[in-house]
Amino acid sequence: MGHPVLAGVDGSEHSLVAAEWAAREAVLRDVPLRLVHAAPPLPGDAVPRQAGETLRRVGERVVKGVMADLGARYPDLRVRGEQSAETPAEALLSAAPGAGLLVVGARGSGGFNGLAVGSVALRVAAAAECPVVVVPGLRPGGFGNGARPADAGPDVVVGFDAHRPLAEVADFAFGAARTRGAVLRVVQAWAFPAEAVSPRMLFVTEEDRATWEDEEDLRLSDALRTQQEEYPEVTVRTDVVLLHPAEALLNTSRGADLLVVGRGAGRGGGEGRLGPVAHAVLHHAGCPVAVVPHSV
């Protein structure tokens, strides 16, 4: 049996959307779904016993309700639920080492209108030992909310830097595309090299630009060769674009099923940090974003 998909639920609309996404993913992977509920922390050092018991009963109802709903709609789903006495972020991080994937809503019951990504989602995306998928709510006008043509198949988009190829990120993206029968769009953002800056020239010629872009194309093709041989059934389309990486990813991911980015893990694969590109796409993408830890 493979590692389960783990999802945090708190009864909020965002967490229910994320739980359904996690259920579909568990069915696709043919693994169990594990739901975790943790009550939000209460103010003060001492929590009245009655308040704690009330929160426990509410959490129990939430978990049972989600399990029943998902079980009825996904008959092949194997699902179990549990409650944790830890804070929401710590509960999910404690459970993450045994999971193949952790799924959270972009924000939970403690958020407010206009908040794109809450503290729990940011914390687990930056610190979990396994890949984390942050599932957004509908944000009208968001970068990734563009509609696909009705006859278009699924798309997985991955941000990739051929100058620093990351096998963990590429493997996750190729695996996600294979599982979904999706096209994999690999986005390589690039900038003019240092030699473009010259006191004798105030502009870049089209010939030079084309040469540098061809070099980026070749470098990307070489960097992906191992994964393309390992996943021959995945259709790959590469986009080499002269843009900021975050802008390139947000443009390409309009209407995508999943956007994949990496984040450096700390020593031993533990807590790292979200880089500026991962941070930007989490706040502005309209599709689920997978944040994959990689060694640094």
# chains A, B, ... in the order shown; residues from 1 in each chain; ligands from 1
$ residues_around --residues "A:Leu6" --least-positions-apart "6" --cutoff "8 Å" --atoms "only C-alpha atoms" --output "NGL selection string"
:A and (22 or 33-36 or 95-96 or 99-103)
$ write_last_selection --atoms "N, CA, C and O atoms" --output "tab-separated table (two decimals), in the first residue's frame"
chain	number	residue	atom	x	y	z
A	22	ALA	N	-8.28	16.28	-2.33
A	22	ALA	CA	-7.45	15.21	-1.78
A	22	ALA	C	-8.08	13.84	-2.01
A	22	ALA	O	-7.38	12.86	-2.28
A	33	LEU	N	-7.00	7.95	2.10
A	33	LEU	CA	-7.06	9.36	2.47
A	33	LEU	C	-7.13	9.45	3.98
A	33	LEU	O	-7.95	8.79	4.62
A	34	ARG	N	-6.29	10.28	4.56
A	34	ARG	CA	-6.25	10.48	6.01
A	34	ARG	C	-6.63	11.92	6.30
A	34	ARG	O	-5.94	12.86	5.88
A	35	LEU	N	-7.74	12.12	7.02
A	35	LEU	CA	-8.21	13.45	7.38
A	35	LEU	C	-7.78	13.77	8.80
A	35	LEU	O	-7.92	12.94	9.70
A	36	VAL	N	-7.27	14.98	9.00
A	36	VAL	CA	-6.84	15.42	10.33
A	36	VAL	C	-7.55	16.72	10.69
A	36	VAL	O	-7.57	17.67	9.89
A	95	ALA	N	1.99	14.79	11.18
A	95	ALA	CA	1.48	13.66	10.39
A	95	ALA	C	2.16	13.53	9.04
A	95	ALA	O	2.10	12.47	8.41
A	96	ALA	N	2.80	14.59	8.56
A	96	ALA	CA	3.34	14.62	7.20
A	96	ALA	C	4.40	13.57	6.90
A	96	ALA	O	4.45	13.06	5.77
A	99	ALA	N	3.09	10.58	5.09
A	99	ALA	CA	2.19	10.84	3.96
A	99	ALA	C	2.98	10.96	2.66
A	99	ALA	O	4.13	11.36	2.65
A	100	GLY	N	2.30	10.64	1.56
A	100	GLY	CA	2.89	10.88	0.25
A	100	GLY	C	2.61	12.27	-0.26
A	100	GLY	O	3.31	12.79	-1.12
A	101	LEU	N	1.55	12.89	0.30
A	101	LEU	CA	1.14	14.22	-0.13
A	101	LEU	C	0.28	14.82	0.97
A	101	LEU	O	-0.53	14.13	1.58
A	102	LEU	N	0.46	16.10	1.24
A	102	LEU	CA	-0.35	16.84	2.20
A	102	LEU	C	-1.15	17.89	1.45
A	102	LEU	O	-0.59	18.65	0.66
A	103	VAL	N	-2.47	17.93	1.69
A	103	VAL	CA	-3.36	18.85	0.98
A	103	VAL	C	-4.05	19.76	1.99
A	103	VAL	O	-4.60	19.28	2.99
$ atom_distance --atom1 "atom CA of A:Pro276" --atom2 "atom CA of A:Arg237"
24.8 Å
$ residues_around --residues "stretch 24-27 of chain A" --least-positions-apart "6" --cutoff "8 Å" --atoms "only C-alpha atoms" --output "PDB file with C-alpha atoms, in the first residue's frame"
ATOM      1  CA  PRO A   4      -1.659   8.022   2.093  1.00  0.00           C
ATOM      2  CA  VAL A   5      -2.822  11.435   1.010  1.00  0.00           C
ATOM      3  CA  LEU A  33      -7.055   9.365   2.466  1.00  0.00           C
ATOM      4  CA  TYR A  74     -16.210   8.274  -4.048  1.00  0.00           C
ATOM      5  CA  ASP A  76     -13.525   3.440  -4.106  1.00  0.00           C
ATOM      6  CA  LEU A  77     -12.086   5.826  -1.510  1.00  0.00           C
TER       7      LEU A  77
END
$ select_by_dssp --residues "stretch 6-118 of chain A" --states "alpha helix (DSSP H)" --output "number ranges by chain"
A: 13-29, 49-73, 88-95
$ residues_around --residues "A:Glu247" --least-positions-apart "5" --cutoff "9 Å" --atoms "only C-alpha atoms" --output "PyMOL selection string"
chain A and resi 252+277+280-281
$ residues_around --residues "A:Asn251" --least-positions-apart "3" --cutoff "12 Å" --atoms "only C-alpha atoms" --output "number ranges by chain"
A: 142-146, 157, 159, 185, 187, 189, 239, 241, 243-248, 254-256, 259, 281, 284-287
$ select_by_dssp --residues "stretch 210-257 of chain A" --states "strand (DSSP E or B)" --output "list of chain:residue names"
A:Val236, A:Arg237, A:Thr238, A:Asp239, A:Val240, A:Val241
$ write_last_selection --atoms "C-alpha atoms" --output "PDB file, in the first residue's frame"
ATOM      1  CA  VAL A 236       5.809  17.314 -22.695  1.00  0.00           C
ATOM      2  CA  ARG A 237       5.623  20.844 -24.024  1.00  0.00           C
ATOM      3  CA  THR A 238       8.327  23.305 -23.107  1.00  0.00           C
ATOM      4  CA  ASP A 239       7.953  27.064 -22.815  1.00  0.00           C
ATOM      5  CA  VAL A 240      11.173  29.092 -22.672  1.00  0.00           C
ATOM      6  CA  VAL A 241      10.120  32.655 -21.915  1.00  0.00           C
TER       7      VAL A 241
END
$ residues_around --residues "A:Val291" --least-positions-apart "3" --cutoff "12 Å" --atoms "only C-alpha atoms" --output "VMD selection string"
chain A and resid 101 to 104 121 to 135 158 to 159 168 to 170 172 to 173 258 to 265 272 to 275 277 to 279 281 to 282 288 294
$ residues_around --residues "A:Gly137" --least-positions-apart "4" --cutoff "10 Å" --atoms "only C-alpha atoms" --output "list in words"
Glu13, His14, Ser15, Val17, Ala18, Gly105, Ala106, Arg107, Ala116, Val117, Gly286, Cys287 and Pro288 of chain A
$ atom_distance --atom1 "atom CA of A:Gly181" --atom2 "atom CA of A:Asp30"
15.2 Å
$ closest_residue --among "A:Arg209, A:Val58, A:Arg80, A:Leu166" --to "A:Pro293" --atoms "only C-alpha atoms"
A:Leu166
